[in-house]
Amino acid sequence: MRPIRTTAIAFLGAALVAPVAASAATPIKVTEKEWSIAGVPKTLKHGVNYTFTLSNKGKFPHDMLFDGKKVHDVGVHNKAAVGTGKTASFSVTFPAAGTFKFYCAIKGHAAKGMKGTVKVT
C-alpha cells in the first residue's frame with residue numbers, strides 16, 4: 001500500500017505545478033512608429049500564451065492586430081489605439097501552426113509599411 005500512496009503524491013505534485021507553468025505569458029515588446037512595427041519575432045510557437053506590449057514612439061496613434069488560422073482581429077483595435085508616447089498590452093495564444101499576419105489597422109498605415117508576418121510552428 002505504501003508504494004501506491006507515494007505514486008499518488010508524486011502525481012498530485014505534478015498536477016499542481018503544470019497549471020502554474022502553463023499560465024505564465026511570454027512577454028514581447030513591440031515598438032510602433034511611422035511607418036514600421038519592430039520587435040515581433042520571425043517565429044513563435046503555437047499553444048504558448050504571448051503578451052505583446054506595444055510602445056508608440058510615433059507622432060500618430062497606432063494599433064496592432066493579428067490575423068490567421070483561427071485568429072481574427074486579435075490585438076489592440078483602432079478604437080482603442082495607442083497614443084503618442086503611450087503603451088498598451090494584449091495577449092494571444094496561436095492555436096495552430098501557420099503564417100499569421102500582423103498590421104496596424106488604422107486607415108492607410110499598413111499600406112505605408114506597418115505590417116508583417118510571423119511563422120508559428
# chains A, B, ... in the order shown; residues from 1 in each chain; ligands from 1
>>> residues_around(residues="region 87-97 of chain A", least_positions_apart="2", cutoff="6 Å", atoms="only C-alpha atoms", output="PyMOL selection string")
chain A and resi 46-55+75+120-121
>>> write_last_selection(atoms="N, CA, C and O atoms", output="PDB file, in the first residue's frame")
ATOM      1  N   HIS A  46       3.031  27.635 -31.450  1.00  0.00           N
ATOM      2  CA  HIS A  46       1.595  27.547 -31.169  1.00  0.00           C
ATOM      3  C   HIS A  46       1.403  26.966 -29.766  1.00  0.00           C
ATOM      4  O   HIS A  46       2.259  26.255 -29.241  1.00  0.00           O
ATOM      5  N   GLY A  47       0.285  27.332 -29.146  1.00  0.00           N
ATOM      6  CA  GLY A  47      -0.034  26.862 -27.808  1.00  0.00           C
ATOM      7  C   GLY A  47       0.618  27.640 -26.689  1.00  0.00           C
ATOM      8  O   GLY A  47       0.347  27.390 -25.523  1.00  0.00           O
ATOM      9  N   VAL A  48       1.474  28.593 -27.001  1.00  0.00           N
ATOM     10  CA  VAL A  48       2.141  29.420 -25.991  1.00  0.00           C
ATOM     11  C   VAL A  48       1.389  30.741 -25.867  1.00  0.00           C
ATOM     12  O   VAL A  48       1.019  31.346 -26.872  1.00  0.00           O
ATOM     13  N   ASN A  49       1.162  31.184 -24.636  1.00  0.00           N
ATOM     14  CA  ASN A  49       0.494  32.461 -24.404  1.00  0.00           C
ATOM     15  C   ASN A  49       1.538  33.581 -24.458  1.00  0.00           C
ATOM     16  O   ASN A  49       2.478  33.591 -23.671  1.00  0.00           O
ATOM     17  N   TYR A  50       1.378  34.495 -25.408  1.00  0.00           N
ATOM     18  CA  TYR A  50       2.283  35.635 -25.565  1.00  0.00           C
ATOM     19  C   TYR A  50       1.567  36.911 -25.156  1.00  0.00           C
ATOM     20  O   TYR A  50       0.405  37.118 -25.505  1.00  0.00           O
ATOM     21  N   THR A  51       2.270  37.780 -24.434  1.00  0.00           N
ATOM     22  CA  THR A  51       1.750  39.111 -24.122  1.00  0.00           C
ATOM     23  C   THR A  51       2.592  40.124 -24.882  1.00  0.00           C
ATOM     24  O   THR A  51       3.791  40.247 -24.642  1.00  0.00           O
ATOM     25  N   PHE A  52       1.951  40.817 -25.809  1.00  0.00           N
ATOM     26  CA  PHE A  52       2.603  41.853 -26.604  1.00  0.00           C
ATOM     27  C   PHE A  52       2.368  43.196 -25.923  1.00  0.00           C
ATOM     28  O   PHE A  52       1.230  43.548 -25.621  1.00  0.00           O
ATOM     29  N   THR A  53       3.441  43.930 -25.666  1.00  0.00           N
ATOM     30  CA  THR A  53       3.337  45.283 -25.132  1.00  0.00           C
ATOM     31  C   THR A  53       3.770  46.232 -26.232  1.00  0.00           C
ATOM     32  O   THR A  53       4.924  46.199 -26.680  1.00  0.00           O
ATOM     33  N   LEU A  54       2.831  47.044 -26.680  1.00  0.00           N
ATOM     34  CA  LEU A  54       3.067  48.000 -27.761  1.00  0.00           C
ATOM     35  C   LEU A  54       3.497  49.333 -27.176  1.00  0.00           C
ATOM     36  O   LEU A  54       2.867  49.844 -26.265  1.00  0.00           O
ATOM     37  N   SER A  55       4.533  49.897 -27.731  1.00  0.00           N
ATOM     38  CA  SER A  55       5.008  51.218 -27.337  1.00  0.00           C
ATOM     39  C   SER A  55       4.974  52.109 -28.576  1.00  0.00           C
ATOM     40  O   SER A  55       5.626  51.799 -29.574  1.00  0.00           O
ATOM     41  N   GLY A  75      -5.821  41.751 -30.847  1.00  0.00           N
ATOM     42  CA  GLY A  75      -4.816  42.760 -30.526  1.00  0.00           C
ATOM     43  C   GLY A  75      -5.441  44.021 -29.989  1.00  0.00           C
ATOM     44  O   GLY A  75      -6.509  44.001 -29.384  1.00  0.00           O
ATOM     45  N   VAL A 120       4.333  30.587 -37.163  1.00  0.00           N
ATOM     46  CA  VAL A 120       4.042  29.897 -35.920  1.00  0.00           C
ATOM     47  C   VAL A 120       4.249  28.407 -36.172  1.00  0.00           C
ATOM     48  O   VAL A 120       3.673  27.838 -37.096  1.00  0.00           O
ATOM     49  N   THR A 121       5.114  27.804 -35.362  1.00  0.00           N
ATOM     50  CA  THR A 121       5.443  26.384 -35.541  1.00  0.00           C
ATOM     51  C   THR A 121       4.728  25.511 -34.522  1.00  0.00           C
ATOM     52  O   THR A 121       4.219  25.989 -33.534  1.00  0.00           O
TER      53      THR A 121
END
>>> residues_around(residues="Tyr103 (chain A)", least_positions_apart="3", cutoff="9 Å", atoms="only C-alpha atoms", output="PyMOL selection string")
chain A and resi 37+63-67+106+109-110+113-117
>>> write_last_selection(atoms="C-alpha atoms", output="PDB file, in the first residue's frame")
ATOM      1  CA  ILE A  37       6.436  47.812 -36.447  1.00  0.00           C
ATOM      2  CA  ASP A  63      -2.772  49.799 -33.131  1.00  0.00           C
ATOM      3  CA  MET A  64      -1.761  46.211 -33.883  1.00  0.00           C
ATOM      4  CA  LEU A  65      -3.818  43.201 -34.897  1.00  0.00           C
ATOM      5  CA  PHE A  66      -3.082  39.580 -35.770  1.00  0.00           C
ATOM      6  CA  ASP A  67      -4.988  37.539 -38.367  1.00  0.00           C
ATOM      7  CA  ILE A 106      -5.554  52.466 -38.765  1.00  0.00           C
ATOM      8  CA  HIS A 109      -0.896  52.663 -42.048  1.00  0.00           C
ATOM      9  CA  ALA A 110      -0.450  49.049 -43.252  1.00  0.00           C
ATOM     10  CA  GLY A 113       4.602  49.574 -44.292  1.00  0.00           C
ATOM     11  CA  MET A 114       3.137  48.873 -40.856  1.00  0.00           C
ATOM     12  CA  LYS A 115       2.622  45.180 -41.473  1.00  0.00           C
ATOM     13  CA  GLY A 116       4.422  41.851 -41.447  1.00  0.00           C
ATOM     14  CA  THR A 117       4.109  38.125 -40.932  1.00  0.00           C
TER      15      THR A 117
END
>>> select_by_dssp(residues="chain A", states="strand (DSSP E)", output="PyMOL selection string")
chain A and resi 26-33+36-38+43-44+49-56+64-68+71-76+87-93+98-103+115-120
>>> write_last_selection(atoms="N, CA and C atoms", output="compact mmCIF listing (two decimals), in the first residue's frame")
# COMPACT_ATOMS: atom_id res chain seq x y z
N THR A 26 4.55 34.70 -22.14
CA THR A 26 5.86 35.09 -22.65
C THR A 26 5.76 36.53 -23.15
N PRO A 27 6.52 37.46 -22.55
CA PRO A 27 6.41 38.87 -22.96
C PRO A 27 7.18 39.18 -24.25
N ILE A 28 6.58 40.03 -25.07
CA ILE A 28 7.22 40.52 -26.30
C ILE A 28 7.00 42.03 -26.37
N LYS A 29 8.08 42.78 -26.47
CA LYS A 29 7.99 44.25 -26.56
C LYS A 29 8.03 44.66 -28.02
N VAL A 30 7.06 45.46 -28.42
CA VAL A 30 6.93 45.91 -29.81
C VAL A 30 6.94 47.44 -29.83
N THR A 31 7.68 48.00 -30.79
CA THR A 31 7.72 49.45 -30.97
C THR A 31 7.05 49.79 -32.30
N GLU A 32 6.14 50.76 -32.26
CA GLU A 32 5.48 51.24 -33.47
C GLU A 32 5.80 52.72 -33.66
N LYS A 33 6.03 53.08 -34.90
CA LYS A 33 6.21 54.49 -35.28
C LYS A 33 5.92 54.57 -36.77
N SER A 36 6.50 51.81 -39.30
CA SER A 36 7.10 50.50 -39.03
C SER A 36 6.60 49.90 -37.72
N ILE A 37 6.70 48.58 -37.67
CA ILE A 37 6.44 47.81 -36.45
C ILE A 37 7.69 46.98 -36.20
N ALA A 38 8.34 47.15 -35.05
CA ALA A 38 9.58 46.44 -34.75
C ALA A 38 9.43 45.63 -33.47
N THR A 43 9.58 33.95 -35.69
CA THR A 43 8.97 32.65 -35.42
C THR A 43 8.48 32.60 -33.98
N LEU A 44 7.27 32.07 -33.80
CA LEU A 44 6.68 31.83 -32.48
C LEU A 44 6.16 30.39 -32.45
N ASN A 49 1.16 31.18 -24.64
CA ASN A 49 0.49 32.46 -24.40
C ASN A 49 1.54 33.58 -24.46
N TYR A 50 1.38 34.50 -25.41
CA TYR A 50 2.28 35.64 -25.56
C TYR A 50 1.57 36.91 -25.16
N THR A 51 2.27 37.78 -24.43
CA THR A 51 1.75 39.11 -24.12
C THR A 51 2.59 40.12 -24.88
N PHE A 52 1.95 40.82 -25.81
CA PHE A 52 2.60 41.85 -26.60
C PHE A 52 2.37 43.20 -25.92
N THR A 53 3.44 43.93 -25.67
CA THR A 53 3.34 45.28 -25.13
C THR A 53 3.77 46.23 -26.23
N LEU A 54 2.83 47.04 -26.68
CA LEU A 54 3.07 48.00 -27.76
C LEU A 54 3.50 49.33 -27.18
N SER A 55 4.53 49.90 -27.73
CA SER A 55 5.01 51.22 -27.34
C SER A 55 4.97 52.11 -28.58
N ASN A 56 4.21 53.18 -28.51
CA ASN A 56 4.09 54.08 -29.65
C ASN A 56 5.14 55.18 -29.56
N MET A 64 -2.40 47.40 -33.33
CA MET A 64 -1.76 46.21 -33.88
C MET A 64 -2.71 45.04 -33.75
N LEU A 65 -2.93 44.36 -34.87
CA LEU A 65 -3.82 43.20 -34.90
C LEU A 65 -3.12 42.02 -35.55
N PHE A 66 -3.53 40.82 -35.14
CA PHE A 66 -3.08 39.58 -35.77
C PHE A 66 -4.26 38.93 -36.47
N ASP A 67 -4.00 38.32 -37.63
CA ASP A 67 -4.99 37.54 -38.37
C ASP A 67 -4.31 36.29 -38.90
N GLY A 68 -5.05 35.19 -38.89
CA GLY A 68 -4.55 33.93 -39.43
C GLY A 68 -5.48 32.80 -39.03
N VAL A 71 -7.42 32.83 -35.75
CA VAL A 71 -7.12 34.09 -35.06
C VAL A 71 -7.60 35.21 -35.98
N HIS A 72 -8.54 36.03 -35.49
CA HIS A 72 -9.09 37.10 -36.33
C HIS A 72 -9.18 38.39 -35.52
N ASP A 73 -8.49 39.41 -35.97
CA ASP A 73 -8.51 40.73 -35.33
C ASP A 73 -8.19 40.67 -33.83
N VAL A 74 -7.13 39.95 -33.47
CA VAL A 74 -6.71 39.86 -32.07
C VAL A 74 -5.62 40.90 -31.84
N GLY A 75 -5.82 41.75 -30.85
CA GLY A 75 -4.82 42.76 -30.53
C GLY A 75 -5.44 44.02 -29.99
N VAL A 76 -4.77 45.15 -30.22
CA VAL A 76 -5.27 46.47 -29.83
C VAL A 76 -5.95 47.06 -31.06
N THR A 87 1.69 53.20 -24.02
CA THR A 87 1.83 51.76 -24.22
C THR A 87 0.49 51.09 -23.99
N ALA A 88 0.34 49.90 -24.56
CA ALA A 88 -0.84 49.06 -24.34
C ALA A 88 -0.41 47.62 -24.54
N SER A 89 -1.11 46.71 -23.88
CA SER A 89 -0.76 45.29 -23.97
C SER A 89 -1.97 44.45 -24.33
N PHE A 90 -1.70 43.31 -24.96
CA PHE A 90 -2.72 42.31 -25.22
C PHE A 90 -2.05 40.95 -25.25
N SER A 91 -2.83 39.91 -25.03
CA SER A 91 -2.31 38.55 -25.04
C SER A 91 -2.96 37.75 -26.14
N VAL A 92 -2.19 36.81 -26.69
CA VAL A 92 -2.71 35.92 -27.73
C VAL A 92 -2.00 34.57 -27.61
N THR A 93 -2.77 33.52 -27.84
CA THR A 93 -2.23 32.17 -27.95
C THR A 93 -2.58 31.69 -29.35
N GLY A 98 1.20 27.88 -38.56
CA GLY A 98 0.85 28.57 -39.80
C GLY A 98 1.52 29.92 -39.87
N THR A 99 1.18 30.67 -40.90
CA THR A 99 1.70 32.03 -41.06
C THR A 99 0.59 33.00 -40.69
N PHE A 100 0.91 33.92 -39.81
CA PHE A 100 -0.05 34.89 -39.31
C PHE A 100 0.39 36.29 -39.72
N LYS A 101 -0.57 37.11 -40.12
CA LYS A 101 -0.29 38.50 -40.48
C LYS A 101 -0.46 39.37 -39.24
N PHE A 102 0.37 40.40 -39.13
CA PHE A 102 0.14 41.45 -38.14
C PHE A 102 0.23 42.78 -38.86
N TYR A 103 -0.49 43.77 -38.35
CA TYR A 103 -0.55 45.06 -39.04
C TYR A 103 -1.16 46.13 -38.15
N LYS A 115 3.17 46.52 -41.35
CA LYS A 115 2.62 45.18 -41.47
C LYS A 115 3.77 44.18 -41.55
N GLY A 116 3.43 42.90 -41.35
CA GLY A 116 4.42 41.85 -41.45
C GLY A 116 3.78 40.50 -41.22
N THR A 117 4.59 39.48 -41.21
CA THR A 117 4.11 38.13 -40.93
C THR A 117 5.01 37.46 -39.89
N VAL A 118 4.43 36.50 -39.21
CA VAL A 118 5.16 35.69 -38.26
C VAL A 118 4.82 34.23 -38.53
N LYS A 119 5.84 33.38 -38.49
CA LYS A 119 5.62 31.94 -38.69
C LYS A 119 5.43 31.31 -37.32
N VAL A 120 4.33 30.59 -37.16
CA VAL A 120 4.04 29.90 -35.92
C VAL A 120 4.25 28.41 -36.17
>>> atom_distance(atom1="CA of Thr84 (chain A)", atom2="CA of Ala24 (chain A)")
29.1 Å
>>> atom_distance(atom1="CA of Gly85 (chain A)", atom2="CA of Phe60 (chain A)")
9.7 Å
